[in-house]
Each structure stands twice: as C-alpha cells, then as structure tokens.
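These notes concern the structure reproduced below.
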Amino acid sequence: MNHKERMLANLPYKSWLDGLEEERLECKKKIYKYNNLPPEDKEEKDRLIREILGKTGDWINIEAPFHCDYGYNIEVGQMFFANYNFVVLDVGKVKIGDNVQIAPNVSIYTAGHPVHPDSRNSGYEYGIDVTIGNNVWIGGSACVMPGVTIGDNAVIGAGSVVTKDIPPNVIAVGNPCRVLRQITEADRDYYFRDRKFDVDDYKPRNC
C-alpha cells in the first residue's frame, strides 16, 4: 500500500508522500476560488462546491468561508446547509445524510496524531471516518471528533465536543457530548423552548 491508500484505509500514513501534498494544494486552490466568489455568483458557487466535494445532493449551500483538506472524501445528501466557517479535516471519509443543518464555526475532524511523542514525531498521522445521519442539526462551534457516528434526527448543542457515538432521536450537549434527553412527539409544536408555533404550516401534510 502507498500512503494515499493507507490514509483511505484509516491506517497510519505520512501526509507528504505519494501525491497527498499535491492533492491538498489543488483542493486549496479550489477552496480559495470558492471563498472569494462574489456573493451574487450563485451558479459558479454551486458548480465549484460540486467539483470540490465527492458527492452532493440536488441542493447544497455552504456559506463561505469553508475549508477542507481533500474534498473528495466528503459526501453530503439532499438539502445540505452549512453556515460560516465550516471546517472539515477529511483525511478519513465524512458521510453526511439528507436534511442536515450545520451552524457557524462547526468543525468535523477525522484527522489525528499518536499520543506518544516518539510516535507522533515520526510523522505518522491517521484519519478515522465520521458518519452523520439524516435530519441532524449541529449547533454552533461544535466539534465532531474522529470515528464518531451521529444518528438520525439528533440535535447536537452549541459548543459540544462529540467524542463518542450519539444515538438517533436525542438532544446531546456538552464537553464531552452526552445525551440530554429524547426528542419526542411533544417537541413538534414548539420552535424554541416553551414557545409554541403561532402558525400551522410547519406541520407535515400527513399530520
């Protein structure tokens, strides 16, 4: 295995070998163009982000500035939105489902380094895949760490550091991020804490 193959297999690898440094540079060039587009140039923005990422749905919006390492390791589903300062270290694969919303200053880290200084100074690093399910909302300034899976319909509180898997249908908060409570049918009628909707068109047609 060369070092790119090792990286993609979640094995220790050296990031400057076997074309990886050159691939990161090419990605940076595209990211630079994306982050410096005129805000009204929506067509070019859409074209570029689809060129950068490995897979996208029919609708995608990532507000600039956005940063990633390779781009091709990021897959997003339908109706994906990420707000300002979205950072993805996509050394490992990052798979994101449908209807996912990302708040400002969120970071997803697949990358890491050995803990022992001798091993770390050898130049080896690693990337472990991250998976985010459908209908997930990740609050501002949250960090998702290597190897984490976040289940469908989960809400991650602002400022959380997600170090372990989060099950579906829960609100999880904190550092380290822990489940606060289940999301239930009773939550449907509230838009913020104890504030009820004053309109009816938030409900799906079958409700």
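In the structure tokens, each chain is lettered A, B, ... as it comes, each chain's residues begin at 1, and ligands are numbered from 1 in order of appearance.
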
Which residues, written as a CSV table (one decimal) with N, CA and C atoms, in the first residue's frame, have at least one atom at most 8 Å from region 121-137 of chain A, with only C-alpha atoms counted and residues fewer than 5 positions away on the same chain left out?
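File part_34.csv, as written:
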```
chain,number,residue,atom,x,y,z
A,7,MET,N,-4.0,6.1,4.0
A,7,MET,CA,-4.9,7.1,4.5
A,7,MET,C,-6.3,6.7,4.3
A,8,LEU,N,-6.7,6.3,3.1
A,8,LEU,CA,-8.1,6.0,2.8
A,8,LEU,C,-8.5,4.7,3.5
A,10,ASN,N,-7.8,4.2,6.7
A,10,ASN,CA,-7.8,4.5,8.1
A,10,ASN,C,-6.6,4.0,8.8
A,11,LEU,N,-5.5,3.8,8.1
A,11,LEU,CA,-4.2,3.3,8.6
A,11,LEU,C,-3.2,4.5,8.8
A,12,PRO,N,-2.2,4.3,9.7
A,12,PRO,CA,-1.2,5.4,9.8
A,12,PRO,C,-0.5,5.6,8.5
A,13,TYR,N,-0.3,6.9,8.2
A,13,TYR,CA,0.3,7.3,6.9
A,13,TYR,C,1.1,8.6,7.1
A,14,LYS,N,1.8,8.9,6.1
A,14,LYS,CA,2.6,10.2,6.1
A,14,LYS,C,2.0,11.1,5.0
A,15,SER,N,1.7,12.3,5.4
A,15,SER,CA,0.8,13.2,4.6
A,15,SER,C,1.5,13.9,3.5
A,90,ASP,N,-10.9,16.2,6.2
A,90,ASP,CA,-11.4,15.0,5.6
A,90,ASP,C,-10.3,14.0,5.1
A,91,VAL,N,-9.4,13.7,6.0
A,91,VAL,CA,-8.4,12.7,5.8
A,91,VAL,C,-9.1,11.3,5.7
A,92,GLY,N,-10.1,11.1,6.6
A,92,GLY,CA,-11.0,10.0,6.5
A,92,GLY,C,-12.2,10.4,5.8
A,93,LYS,N,-13.1,9.4,5.5
A,93,LYS,CA,-14.4,9.7,4.8
A,93,LYS,C,-15.3,10.4,5.8
A,94,VAL,N,-16.0,11.4,5.3
A,94,VAL,CA,-17.1,12.1,6.0
A,94,VAL,C,-18.4,11.9,5.2
A,95,LYS,N,-19.3,11.1,5.8
A,95,LYS,CA,-20.6,10.9,5.1
A,95,LYS,C,-21.7,11.5,5.9
A,96,ILE,N,-22.4,12.4,5.2
A,96,ILE,CA,-23.5,13.2,5.8
A,96,ILE,C,-24.8,12.9,5.1
A,97,GLY,N,-25.9,12.7,5.8
A,97,GLY,CA,-27.1,12.3,5.2
A,97,GLY,C,-27.9,13.5,4.7
A,98,ASP,N,-29.3,13.2,4.5
A,98,ASP,CA,-30.2,14.2,4.0
A,98,ASP,C,-30.6,15.2,5.1
A,99,ASN,N,-31.0,16.4,4.7
A,99,ASN,CA,-31.6,17.4,5.5
A,99,ASN,C,-30.8,17.7,6.8
A,100,VAL,N,-29.5,17.8,6.6
A,100,VAL,CA,-28.6,18.1,7.7
A,100,VAL,C,-28.3,19.6,7.7
A,101,GLN,N,-28.3,20.2,8.9
A,101,GLN,CA,-28.0,21.6,9.1
A,101,GLN,C,-26.8,21.8,10.0
A,102,ILE,N,-25.9,22.6,9.6
A,102,ILE,CA,-24.6,22.9,10.3
A,102,ILE,C,-24.6,24.4,10.6
A,103,ALA,N,-24.4,24.7,11.9
A,103,ALA,CA,-24.4,26.1,12.4
A,103,ALA,C,-23.0,26.6,12.2
A,108,ILE,N,-15.5,19.3,11.8
A,108,ILE,CA,-15.5,17.9,11.7
A,108,ILE,C,-14.1,17.4,11.5
A,110,THR,N,-11.7,14.2,11.1
A,110,THR,CA,-11.4,12.8,11.0
A,110,THR,C,-9.9,12.6,11.3
A,111,ALA,N,-9.1,13.6,11.3
A,111,ALA,CA,-7.6,13.5,11.5
A,111,ALA,C,-7.2,13.5,12.9
A,112,GLY,N,-6.1,12.8,13.1
A,112,GLY,CA,-5.5,12.8,14.5
A,112,GLY,C,-4.0,12.3,14.4
A,113,HIS,N,-3.4,12.4,15.6
A,113,HIS,CA,-2.0,12.0,15.7
A,113,HIS,C,-1.8,11.1,16.9
A,114,PRO,N,-0.7,10.2,16.9
A,114,PRO,CA,-0.5,9.4,18.0
A,114,PRO,C,-0.3,10.2,19.3
A,145,MET,N,-15.4,14.6,16.5
A,145,MET,CA,-14.0,14.0,16.5
A,145,MET,C,-14.0,12.8,15.7
A,146,PRO,N,-12.7,12.3,15.5
A,146,PRO,CA,-12.6,11.1,14.6
A,146,PRO,C,-13.3,9.9,15.1
A,147,GLY,N,-13.9,9.1,14.1
A,147,GLY,CA,-14.6,7.9,14.4
A,147,GLY,C,-16.0,8.0,14.9
A,148,VAL,N,-16.5,9.2,15.0
A,148,VAL,CA,-17.9,9.3,15.6
A,148,VAL,C,-19.0,9.1,14.5
A,149,THR,N,-20.1,8.5,15.0
A,149,THR,CA,-21.3,8.4,14.3
A,149,THR,C,-22.4,9.1,15.0
A,150,ILE,N,-23.1,10.0,14.3
A,150,ILE,CA,-24.3,10.7,14.9
A,150,ILE,C,-25.5,10.2,14.2
A,151,GLY,N,-26.5,9.7,15.0
A,151,GLY,CA,-27.7,9.0,14.5
A,151,GLY,C,-28.7,10.0,13.9
A,152,ASP,N,-29.6,9.4,13.2
A,152,ASP,CA,-30.7,10.2,12.5
A,152,ASP,C,-31.4,11.1,13.5
A,153,ASN,N,-31.8,12.3,13.1
A,153,ASN,CA,-32.7,13.2,13.9
A,153,ASN,C,-32.1,13.7,15.1
A,154,ALA,N,-30.8,13.5,15.4
A,154,ALA,CA,-30.2,14.0,16.6
A,154,ALA,C,-29.9,15.5,16.5
A,155,VAL,N,-29.9,16.2,17.6
A,155,VAL,CA,-29.5,17.6,17.7
A,155,VAL,C,-28.3,17.7,18.6
A,156,ILE,N,-27.3,18.3,18.2
A,156,ILE,CA,-26.0,18.5,18.9
A,156,ILE,C,-26.0,19.9,19.4
```

From a DSSP pass on the backbone, collect the residues of chain A flagged as alpha helix (DSSP H) and hand them back as a PyMOL selection string.
chain A and resi 3-8+20-35+42-52+117-121

Residues near Ile49 (chain A), cut-off 10 Å, only C-alpha atoms, skip fewer than 4 positions along chain, as a PyMOL selection string:
chain A and resi 30-31+34+44-45+53-56+60-62+66+71

By how many Å are CA of Met1 (chain A) and CA of Asn73 (chain A) apart?
18.5 Å

DSSP-assigned strand (DSSP E) members of region 29-192 of chain A, reported as a PyMOL selection string
chain A and resi 60-62+66-68+74-76+80-82+86-89+94-96+101-102+107-109+111-112+124-127+130-132+137-138+143-144+149-150+155-156+161-162+170-173+178-182+190-192

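When only C-alpha atoms are used to compute distances to Pro38 (chain A), the closest of the residues A:Ile171, A:Ile52, A:Ala186, A:Ala64 turns out to be A:Ala64.
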